[in-house]
Structure formats: structure tokens, C-alpha cells
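Worksheet: one structure, shown below.
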Amino acid sequence: MRNLSLLVLCLALFSASAWAQSSRKETRDAIHKLQSPNPQEVLMSVQMLGASGSKEAVGPLIDLLRTGPRSDVTNAAIEALGTLGRDKAVPILIEYMGHRR
């Protein structure tokens, strides 16, 4: 019984580690795709980063906003930053509160 419990624990830890690695890779890929010339790919990446909860996404999303993307990408990036809820995003979110749009 003890061996079975140990085996289950090892499998759970392995699965969690594999999931975390996969999640980090997806985040890195999405960050890279923020530079894509395809606006739909950028938009999908922004949405994925917002849902990821990754603190590593904040800087690249801020950088994207600084480039002045089209409206739908801008709106998605603002929403993603709000969803991520990181202190680092507050200054640009405040800046966009007074934005012309």
C-alpha cells in the first residue's frame, strides 16, 4: 500500500512538472508571437497571455501597447494587463484611462 501511495505521489509530481513546463513554453511562444505581422496572431497571443496568469507577460504586453497597435489589439492588451493584476501594469493602465479612445 505504501509503495502504491509513493507511486501515485511521484506520478502527480511528474505530471505537475510537465504541465508547468508546457505552460511556460506556451507563454514564451505567445510572447514571441506578439511581434508577428499578422494582427490576428497577435490578438490571439494577447488573449492567451491574459489567461495565462504569467507575470512574465506583463512587460511584453506593455511594450506592445507602447508600439501603438490597432484598436482591437490595444483593447485586448489592456484587458489582459487588468486580468494579470500586476503592480507593474498600473502606470500604463492609468495612462490609457486618459487616452483619446
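The chains in the C-alpha cells are called A, B, ... from first to last as shown; in each chain the residues are counted from 1, and the ligands are counted from 1 in the order shown.
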Neighbours of range 22-39 of chain A within 8 Å (only C-alpha atoms; same-chain residues fewer than 2 positions away dropped), as a PDB file with N, CA, C and O atoms, in the first residue's frame?
```pdb
ATOM      1  N   ALA A  18       5.541  18.517 -15.706  1.00  0.00           N
ATOM      2  CA  ALA A  18       5.365  18.523 -17.158  1.00  0.00           C
ATOM      3  C   ALA A  18       4.378  19.608 -17.575  1.00  0.00           C
ATOM      4  O   ALA A  18       4.596  20.308 -18.567  1.00  0.00           O
ATOM      5  N   TRP A  19       3.282  19.773 -16.811  1.00  0.00           N
ATOM      6  CA  TRP A  19       2.298  20.810 -17.122  1.00  0.00           C
ATOM      7  C   TRP A  19       2.921  22.196 -17.000  1.00  0.00           C
ATOM      8  O   TRP A  19       2.707  23.066 -17.841  1.00  0.00           O
ATOM      9  N   ALA A  20       3.703  22.413 -15.947  1.00  0.00           N
ATOM     10  CA  ALA A  20       4.333  23.720 -15.742  1.00  0.00           C
ATOM     11  C   ALA A  20       5.303  24.037 -16.868  1.00  0.00           C
ATOM     12  O   ALA A  20       5.348  25.169 -17.346  1.00  0.00           O
ATOM     13  N   GLU A  41      -2.872  36.842 -35.158  1.00  0.00           N
ATOM     14  CA  GLU A  41      -1.958  36.053 -34.336  1.00  0.00           C
ATOM     15  C   GLU A  41      -1.563  36.843 -33.084  1.00  0.00           C
ATOM     16  O   GLU A  41      -1.492  36.291 -31.991  1.00  0.00           O
ATOM     17  N   VAL A  42      -1.341  38.130 -33.254  1.00  0.00           N
ATOM     18  CA  VAL A  42      -1.016  38.997 -32.114  1.00  0.00           C
ATOM     19  C   VAL A  42      -2.189  39.020 -31.141  1.00  0.00           C
ATOM     20  O   VAL A  42      -2.014  38.850 -29.924  1.00  0.00           O
ATOM     21  N   LEU A  43      -3.383  39.197 -31.661  1.00  0.00           N
ATOM     22  CA  LEU A  43      -4.580  39.254 -30.821  1.00  0.00           C
ATOM     23  C   LEU A  43      -4.774  37.956 -30.035  1.00  0.00           C
ATOM     24  O   LEU A  43      -5.029  37.985 -28.824  1.00  0.00           O
ATOM     25  N   SER A  45      -2.463  35.841 -29.213  1.00  0.00           N
ATOM     26  CA  SER A  45      -1.381  35.742 -28.241  1.00  0.00           C
ATOM     27  C   SER A  45      -1.649  36.620 -27.024  1.00  0.00           C
ATOM     28  O   SER A  45      -1.401  36.208 -25.891  1.00  0.00           O
ATOM     29  N   VAL A  46      -2.159  37.813 -27.258  1.00  0.00           N
ATOM     30  CA  VAL A  46      -2.506  38.716 -26.156  1.00  0.00           C
ATOM     31  C   VAL A  46      -3.552  38.061 -25.255  1.00  0.00           C
ATOM     32  O   VAL A  46      -3.426  38.058 -24.023  1.00  0.00           O
ATOM     33  N   MET A  48      -4.205  34.875 -24.925  1.00  0.00           N
ATOM     34  CA  MET A  48      -3.617  33.726 -24.239  1.00  0.00           C
ATOM     35  C   MET A  48      -2.766  34.182 -23.061  1.00  0.00           C
ATOM     36  O   MET A  48      -2.818  33.601 -21.974  1.00  0.00           O
ATOM     37  N   LEU A  49      -2.012  35.246 -23.243  1.00  0.00           N
ATOM     38  CA  LEU A  49      -1.172  35.752 -22.156  1.00  0.00           C
ATOM     39  C   LEU A  49      -2.024  36.273 -21.005  1.00  0.00           C
ATOM     40  O   LEU A  49      -1.685  36.075 -19.841  1.00  0.00           O
ATOM     41  N   SER A  52      -3.131  33.376 -19.080  1.00  0.00           N
ATOM     42  CA  SER A  52      -2.053  32.551 -18.521  1.00  0.00           C
ATOM     43  C   SER A  52      -1.762  32.846 -17.055  1.00  0.00           C
ATOM     44  O   SER A  52      -1.280  31.984 -16.332  1.00  0.00           O
ATOM     45  N   SER A  54       0.586  34.642 -16.126  1.00  0.00           N
ATOM     46  CA  SER A  54       2.045  34.709 -16.039  1.00  0.00           C
ATOM     47  C   SER A  54       2.546  36.130 -15.821  1.00  0.00           C
ATOM     48  O   SER A  54       2.226  37.035 -16.587  1.00  0.00           O
ATOM     49  N   ALA A  57       4.401  37.930 -18.684  1.00  0.00           N
ATOM     50  CA  ALA A  57       3.649  38.503 -19.806  1.00  0.00           C
ATOM     51  C   ALA A  57       3.486  40.010 -19.691  1.00  0.00           C
ATOM     52  O   ALA A  57       3.265  40.683 -20.692  1.00  0.00           O
ATOM     53  N   PRO A  60       6.154  42.348 -21.873  1.00  0.00           N
ATOM     54  CA  PRO A  60       5.883  42.319 -23.309  1.00  0.00           C
ATOM     55  C   PRO A  60       4.547  42.944 -23.705  1.00  0.00           C
ATOM     56  O   PRO A  60       4.448  43.574 -24.758  1.00  0.00           O
ATOM     57  N   LEU A  64       4.121  46.084 -26.155  1.00  0.00           N
ATOM     58  CA  LEU A  64       3.195  46.062 -27.288  1.00  0.00           C
ATOM     59  C   LEU A  64       2.334  47.323 -27.304  1.00  0.00           C
ATOM     60  O   LEU A  64       2.167  47.958 -28.347  1.00  0.00           O
ATOM     61  N   VAL A  73      -6.361  45.178 -30.745  1.00  0.00           N
ATOM     62  CA  VAL A  73      -5.189  44.654 -30.037  1.00  0.00           C
ATOM     63  C   VAL A  73      -4.945  45.484 -28.779  1.00  0.00           C
ATOM     64  O   VAL A  73      -4.656  44.940 -27.710  1.00  0.00           O
TER      65      VAL A  73
END
```
Next item on the list: Using only C-alpha atoms, find the one residue out of A:Ser71, A:Gln47, A:Gln40, A:Val58 that sits nearest to Gly85 in chain A.
Entry: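 Smallest distance to Gly85 in chain A is found for A:Val58.
Going from CA of Gly98 in chain A over to CA of Gly82 in chain A, you cover 15.8 Å.
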Notebook entry, point to check: CA of Ala51 in chain A and CA of Pro69 in chain A are how many Å apart?
Noted result: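 Between CA of Ala51 in chain A and CA of Pro69 in chain A the gap works out to 19.9 Å.
Residues with any atom within 12 Å of Gly59 in chain A, counting only C-alpha atoms and excluding same-chain neighbours fewer than 6 positions away, are Ile31, Leu34, Leu49, Leu65, Arg66, Ala77, Ala80, Leu81, Leu84, Arg86, Asp87, Lys88, Ala89, Val90 and Ile92 of chain A.
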Include N, CA, C and O atoms and write out the residues we just selected as a PDB file, in the first residue's frame.
```
ATOM      1  N   ILE A  31       4.510  35.195 -26.215  1.00  0.00           N
ATOM      2  CA  ILE A  31       5.281  36.441 -26.132  1.00  0.00           C
ATOM      3  C   ILE A  31       6.003  36.690 -27.452  1.00  0.00           C
ATOM      4  O   ILE A  31       6.002  37.805 -27.972  1.00  0.00           O
ATOM      5  N   LEU A  34       3.830  38.087 -30.242  1.00  0.00           N
ATOM      6  CA  LEU A  34       3.404  39.485 -30.152  1.00  0.00           C
ATOM      7  C   LEU A  34       4.085  40.334 -31.218  1.00  0.00           C
ATOM      8  O   LEU A  34       3.614  41.419 -31.547  1.00  0.00           O
ATOM      9  N   LEU A  49      -2.012  35.246 -23.243  1.00  0.00           N
ATOM     10  CA  LEU A  49      -1.172  35.752 -22.156  1.00  0.00           C
ATOM     11  C   LEU A  49      -2.024  36.273 -21.005  1.00  0.00           C
ATOM     12  O   LEU A  49      -1.685  36.075 -19.841  1.00  0.00           O
ATOM     13  N   LEU A  65       1.808  47.718 -26.156  1.00  0.00           N
ATOM     14  CA  LEU A  65       0.992  48.936 -26.094  1.00  0.00           C
ATOM     15  C   LEU A  65       1.799  50.163 -26.504  1.00  0.00           C
ATOM     16  O   LEU A  65       1.265  51.077 -27.135  1.00  0.00           O
ATOM     17  N   ARG A  66       3.062  50.193 -26.138  1.00  0.00           N
ATOM     18  CA  ARG A  66       3.919  51.345 -26.482  1.00  0.00           C
ATOM     19  C   ARG A  66       4.133  51.482 -27.990  1.00  0.00           C
ATOM     20  O   ARG A  66       4.503  52.554 -28.459  1.00  0.00           O
ATOM     21  N   ALA A  77      -4.980  44.013 -25.028  1.00  0.00           N
ATOM     22  CA  ALA A  77      -3.789  44.130 -24.181  1.00  0.00           C
ATOM     23  C   ALA A  77      -4.133  44.802 -22.855  1.00  0.00           C
ATOM     24  O   ALA A  77      -3.656  44.377 -21.793  1.00  0.00           O
ATOM     25  N   ALA A  80      -5.975  42.248 -20.862  1.00  0.00           N
ATOM     26  CA  ALA A  80      -5.050  41.218 -20.384  1.00  0.00           C
ATOM     27  C   ALA A  80      -4.239  41.726 -19.191  1.00  0.00           C
ATOM     28  O   ALA A  80      -4.065  41.004 -18.196  1.00  0.00           O
ATOM     29  N   LEU A  81      -3.757  42.956 -19.277  1.00  0.00           N
ATOM     30  CA  LEU A  81      -2.989  43.521 -18.158  1.00  0.00           C
ATOM     31  C   LEU A  81      -3.858  43.648 -16.909  1.00  0.00           C
ATOM     32  O   LEU A  81      -3.400  43.378 -15.800  1.00  0.00           O
ATOM     33  N   LEU A  84      -4.225  40.207 -15.439  1.00  0.00           N
ATOM     34  CA  LEU A  84      -2.998  39.737 -14.779  1.00  0.00           C
ATOM     35  C   LEU A  84      -2.824  40.375 -13.408  1.00  0.00           C
ATOM     36  O   LEU A  84      -2.233  39.773 -12.511  1.00  0.00           O
ATOM     37  N   ARG A  86      -0.994  42.841 -12.058  1.00  0.00           N
ATOM     38  CA  ARG A  86       0.355  43.059 -11.524  1.00  0.00           C
ATOM     39  C   ARG A  86       0.621  44.556 -11.345  1.00  0.00           C
ATOM     40  O   ARG A  86       0.223  45.383 -12.164  1.00  0.00           O
ATOM     41  N   ASP A  87       1.313  44.890 -10.276  1.00  0.00           N
ATOM     42  CA  ASP A  87       1.628  46.291  -9.973  1.00  0.00           C
ATOM     43  C   ASP A  87       2.344  46.991 -11.123  1.00  0.00           C
ATOM     44  O   ASP A  87       2.126  48.176 -11.370  1.00  0.00           O
ATOM     45  N   LYS A  88       3.190  46.261 -11.814  1.00  0.00           N
ATOM     46  CA  LYS A  88       3.987  46.836 -12.903  1.00  0.00           C
ATOM     47  C   LYS A  88       3.104  47.405 -14.020  1.00  0.00           C
ATOM     48  O   LYS A  88       3.514  48.300 -14.746  1.00  0.00           O
ATOM     49  N   ALA A  89       1.883  46.900 -14.155  1.00  0.00           N
ATOM     50  CA  ALA A  89       0.985  47.332 -15.225  1.00  0.00           C
ATOM     51  C   ALA A  89       0.204  48.592 -14.877  1.00  0.00           C
ATOM     52  O   ALA A  89      -0.363  49.238 -15.761  1.00  0.00           O
ATOM     53  N   VAL A  90       0.174  48.973 -13.618  1.00  0.00           N
ATOM     54  CA  VAL A  90      -0.669  50.093 -13.176  1.00  0.00           C
ATOM     55  C   VAL A  90      -0.357  51.404 -13.913  1.00  0.00           C
ATOM     56  O   VAL A  90      -1.284  52.072 -14.390  1.00  0.00           O
ATOM     57  N   ILE A  92       0.765  52.130 -16.929  1.00  0.00           N
ATOM     58  CA  ILE A  92       0.254  52.208 -18.310  1.00  0.00           C
ATOM     59  C   ILE A  92      -1.274  52.115 -18.339  1.00  0.00           C
ATOM     60  O   ILE A  92      -1.918  52.734 -19.177  1.00  0.00           O
TER      61      ILE A  92
END
```
Check: To one decimal place, how far is CA of Thr67 in chain A from CA of Gly50 in chain A in Å?
Finding: 18.3 Å
